[in-house]
Amino acid sequence: MRCSKCGATVEKGVTTSVTDTGECLVIVRNVPCYKCVECGMAAFKNDGVMAVNETLTISGKEYTFNASGELI
Ligand SMILES: [Zn+2]
């Protein structure tokens, strides 16, 4: 797998996902991804290892995230 931006090799790692819900920012740490060794661009890929949805309750509202850290 190669970086879609610069074509360098990507390595498995974790990144921090920031989602703007419109009312607040939700930050999910340690989101599994593949990260470019050159430019650092993260390519999210669900490899099944951490395919667990996470639900956070913020200010009385529930937000559910998939394993890529995206709001669903
Ligand atoms: Zn790159």
# chains A, B, ... in the order shown; residues from 1 in each chain; ligands from 1
>>> closest_atom_pairs(of="chain A", to="ligand 1", cutoff="10 Å", atoms="only C-alpha atoms and all ligand atoms", output="CSV")
residue,atom,partner,partner_atom_place_in_ligand_line,distance
A:Arg2,CA,ligand 1,1 (Zn),7.8
A:Cys3,CA,ligand 1,1 (Zn),4.6
A:Ser4,CA,ligand 1,1 (Zn),6.7
A:Lys5,CA,ligand 1,1 (Zn),5.0
A:Cys6,CA,ligand 1,1 (Zn),4.2
A:Gly7,CA,ligand 1,1 (Zn),5.8
A:Ala8,CA,ligand 1,1 (Zn),5.3
A:Thr9,CA,ligand 1,1 (Zn),7.4
A:Val10,CA,ligand 1,1 (Zn),7.5
A:Lys35,CA,ligand 1,1 (Zn),7.9
A:Cys36,CA,ligand 1,1 (Zn),4.6
A:Val37,CA,ligand 1,1 (Zn),6.6
A:Glu38,CA,ligand 1,1 (Zn),5.1
A:Cys39,CA,ligand 1,1 (Zn),4.2
A:Gly40,CA,ligand 1,1 (Zn),5.9
A:Met41,CA,ligand 1,1 (Zn),5.5
A:Ala42,CA,ligand 1,1 (Zn),8.4
A:Ala43,CA,ligand 1,1 (Zn),9.6
>>> write_last_selection(atoms="N, CA and C atoms", output="PDB file, in the first residue's frame")
ATOM      1  N   ARG A   2       0.495   2.226  -0.853  1.00  0.00           N
ATOM      2  CA  ARG A   2       1.314   3.422  -0.957  1.00  0.00           C
ATOM      3  C   ARG A   2       0.478   4.670  -0.718  1.00  0.00           C
ATOM      4  N   CYS A   3       1.167   5.736  -0.337  1.00  0.00           N
ATOM      5  CA  CYS A   3       0.505   7.008  -0.061  1.00  0.00           C
ATOM      6  C   CYS A   3      -0.142   7.547  -1.340  1.00  0.00           C
ATOM      7  N   SER A   4      -1.407   7.983  -1.217  1.00  0.00           N
ATOM      8  CA  SER A   4      -2.108   8.496  -2.394  1.00  0.00           C
ATOM      9  C   SER A   4      -1.637   9.894  -2.752  1.00  0.00           C
ATOM     10  N   LYS A   5      -0.883  10.518  -1.854  1.00  0.00           N
ATOM     11  CA  LYS A   5      -0.438  11.889  -2.081  1.00  0.00           C
ATOM     12  C   LYS A   5       0.951  11.950  -2.713  1.00  0.00           C
ATOM     13  N   CYS A   6       1.903  11.224  -2.097  1.00  0.00           N
ATOM     14  CA  CYS A   6       3.274  11.327  -2.591  1.00  0.00           C
ATOM     15  C   CYS A   6       3.835  10.001  -3.097  1.00  0.00           C
ATOM     16  N   GLY A   7       3.116   8.893  -2.883  1.00  0.00           N
ATOM     17  CA  GLY A   7       3.549   7.620  -3.417  1.00  0.00           C
ATOM     18  C   GLY A   7       4.560   6.882  -2.569  1.00  0.00           C
ATOM     19  N   ALA A   8       4.895   7.419  -1.388  1.00  0.00           N
ATOM     20  CA  ALA A   8       5.843   6.751  -0.512  1.00  0.00           C
ATOM     21  C   ALA A   8       5.152   5.609   0.236  1.00  0.00           C
ATOM     22  N   THR A   9       5.956   4.844   0.953  1.00  0.00           N
ATOM     23  CA  THR A   9       5.427   3.705   1.692  1.00  0.00           C
ATOM     24  C   THR A   9       4.613   4.171   2.892  1.00  0.00           C
ATOM     25  N   VAL A  10       3.539   3.456   3.177  1.00  0.00           N
ATOM     26  CA  VAL A  10       2.765   3.750   4.381  1.00  0.00           C
ATOM     27  C   VAL A  10       2.975   2.626   5.391  1.00  0.00           C
ATOM     28  N   LYS A  35      -0.092   5.221   7.883  1.00  0.00           N
ATOM     29  CA  LYS A  35       0.458   6.566   7.842  1.00  0.00           C
ATOM     30  C   LYS A  35       1.671   6.602   6.932  1.00  0.00           C
ATOM     31  N   CYS A  36       1.734   7.634   6.097  1.00  0.00           N
ATOM     32  CA  CYS A  36       2.851   7.785   5.167  1.00  0.00           C
ATOM     33  C   CYS A  36       4.134   8.132   5.921  1.00  0.00           C
ATOM     34  N   VAL A  37       5.232   7.454   5.566  1.00  0.00           N
ATOM     35  CA  VAL A  37       6.500   7.709   6.242  1.00  0.00           C
ATOM     36  C   VAL A  37       7.123   9.022   5.764  1.00  0.00           C
ATOM     37  N   GLU A  38       6.682   9.514   4.591  1.00  0.00           N
ATOM     38  CA  GLU A  38       7.267  10.730   4.035  1.00  0.00           C
ATOM     39  C   GLU A  38       6.492  11.977   4.450  1.00  0.00           C
ATOM     40  N   CYS A  39       5.210  12.028   4.097  1.00  0.00           N
ATOM     41  CA  CYS A  39       4.448  13.258   4.331  1.00  0.00           C
ATOM     42  C   CYS A  39       3.521  13.159   5.538  1.00  0.00           C
ATOM     43  N   GLY A  40       3.399  11.959   6.105  1.00  0.00           N
ATOM     44  CA  GLY A  40       2.604  11.813   7.316  1.00  0.00           C
ATOM     45  C   GLY A  40       1.108  11.738   7.097  1.00  0.00           C
ATOM     46  N   MET A  41       0.690  11.681   5.835  1.00  0.00           N
ATOM     47  CA  MET A  41      -0.734  11.613   5.576  1.00  0.00           C
ATOM     48  C   MET A  41      -1.298  10.271   6.054  1.00  0.00           C
ATOM     49  N   ALA A  42      -2.404  10.341   6.783  1.00  0.00           N
ATOM     50  CA  ALA A  42      -2.995   9.121   7.322  1.00  0.00           C
ATOM     51  C   ALA A  42      -4.041   8.588   6.368  1.00  0.00           C
ATOM     52  N   ALA A  43      -3.949   7.300   6.084  1.00  0.00           N
ATOM     53  CA  ALA A  43      -4.960   6.644   5.258  1.00  0.00           C
ATOM     54  C   ALA A  43      -5.711   5.666   6.148  1.00  0.00           C
TER      55      ALA A  43
END
>>> residues_around(residues="Thr57 (chain A)", least_positions_apart="5", cutoff="12 Å", atoms="only C-alpha atoms", output="VMD selection string")
chain A and resid 24 26 62 to 65
>>> atom_distance(atom1="CA of Ser17 (chain A)", atom2="CA of Arg29 (chain A)")
6.4 Å
>>> select_by_dssp(residues="chain A", states="strand (DSSP E or B)", output="VMD selection string")
chain A and resid 2 9 to 20 25 to 36 42 to 44 54 to 58 61 to 65 71
>>> write_last_selection(atoms="C-alpha atoms", output="short mmCIF file (atom, residue, chain, number, x, y, z; two decimals), in the first residue's frame")
data_model
loop_
_atom_site.label_atom_id
_atom_site.label_comp_id
_atom_site.auth_asym_id
_atom_site.auth_seq_id
_atom_site.Cartn_x
_atom_site.Cartn_y
_atom_site.Cartn_z
CA ARG A 2 1.31 3.42 -0.96
CA THR A 9 5.43 3.71 1.69
CA VAL A 10 2.76 3.75 4.38
CA GLU A 11 3.17 2.04 7.72
CA LYS A 12 0.63 0.83 10.20
CA GLY A 13 0.12 3.15 13.10
CA VAL A 14 -2.40 5.25 14.95
CA THR A 15 -3.61 8.77 14.45
CA THR A 16 -5.94 11.25 16.10
CA SER A 17 -9.29 11.87 14.45
CA VAL A 18 -11.08 15.18 14.95
CA THR A 19 -14.77 15.33 14.02
CA ASP A 20 -16.79 18.53 14.01
CA LEU A 25 -15.36 18.94 18.35
CA VAL A 26 -14.97 15.26 19.13
CA ILE A 27 -11.43 13.97 19.34
CA VAL A 28 -10.77 10.26 19.10
CA ARG A 29 -7.25 9.17 19.89
CA ASN A 30 -5.44 6.03 18.76
CA VAL A 31 -7.49 5.47 15.64
CA PRO A 32 -5.84 2.65 13.69
CA CYS A 33 -4.61 3.74 10.29
CA TYR A 34 -1.83 3.56 7.77
CA LYS A 35 0.46 6.57 7.84
CA CYS A 36 2.85 7.79 5.17
CA ALA A 42 -2.99 9.12 7.32
CA ALA A 43 -4.96 6.64 5.26
CA PHE A 44 -7.72 5.10 7.30
CA GLU A 54 -17.54 3.50 20.12
CA THR A 55 -20.35 5.63 21.46
CA LEU A 56 -19.60 8.78 23.40
CA THR A 57 -22.16 10.81 25.28
CA ILE A 58 -21.39 14.51 25.06
CA LYS A 61 -26.18 13.57 23.10
CA GLU A 62 -24.81 10.29 21.88
CA TYR A 63 -22.25 10.13 19.09
CA THR A 64 -21.24 6.82 17.59
CA PHE A 65 -17.95 6.38 15.79
CA LEU A 71 -18.99 9.82 13.04
#
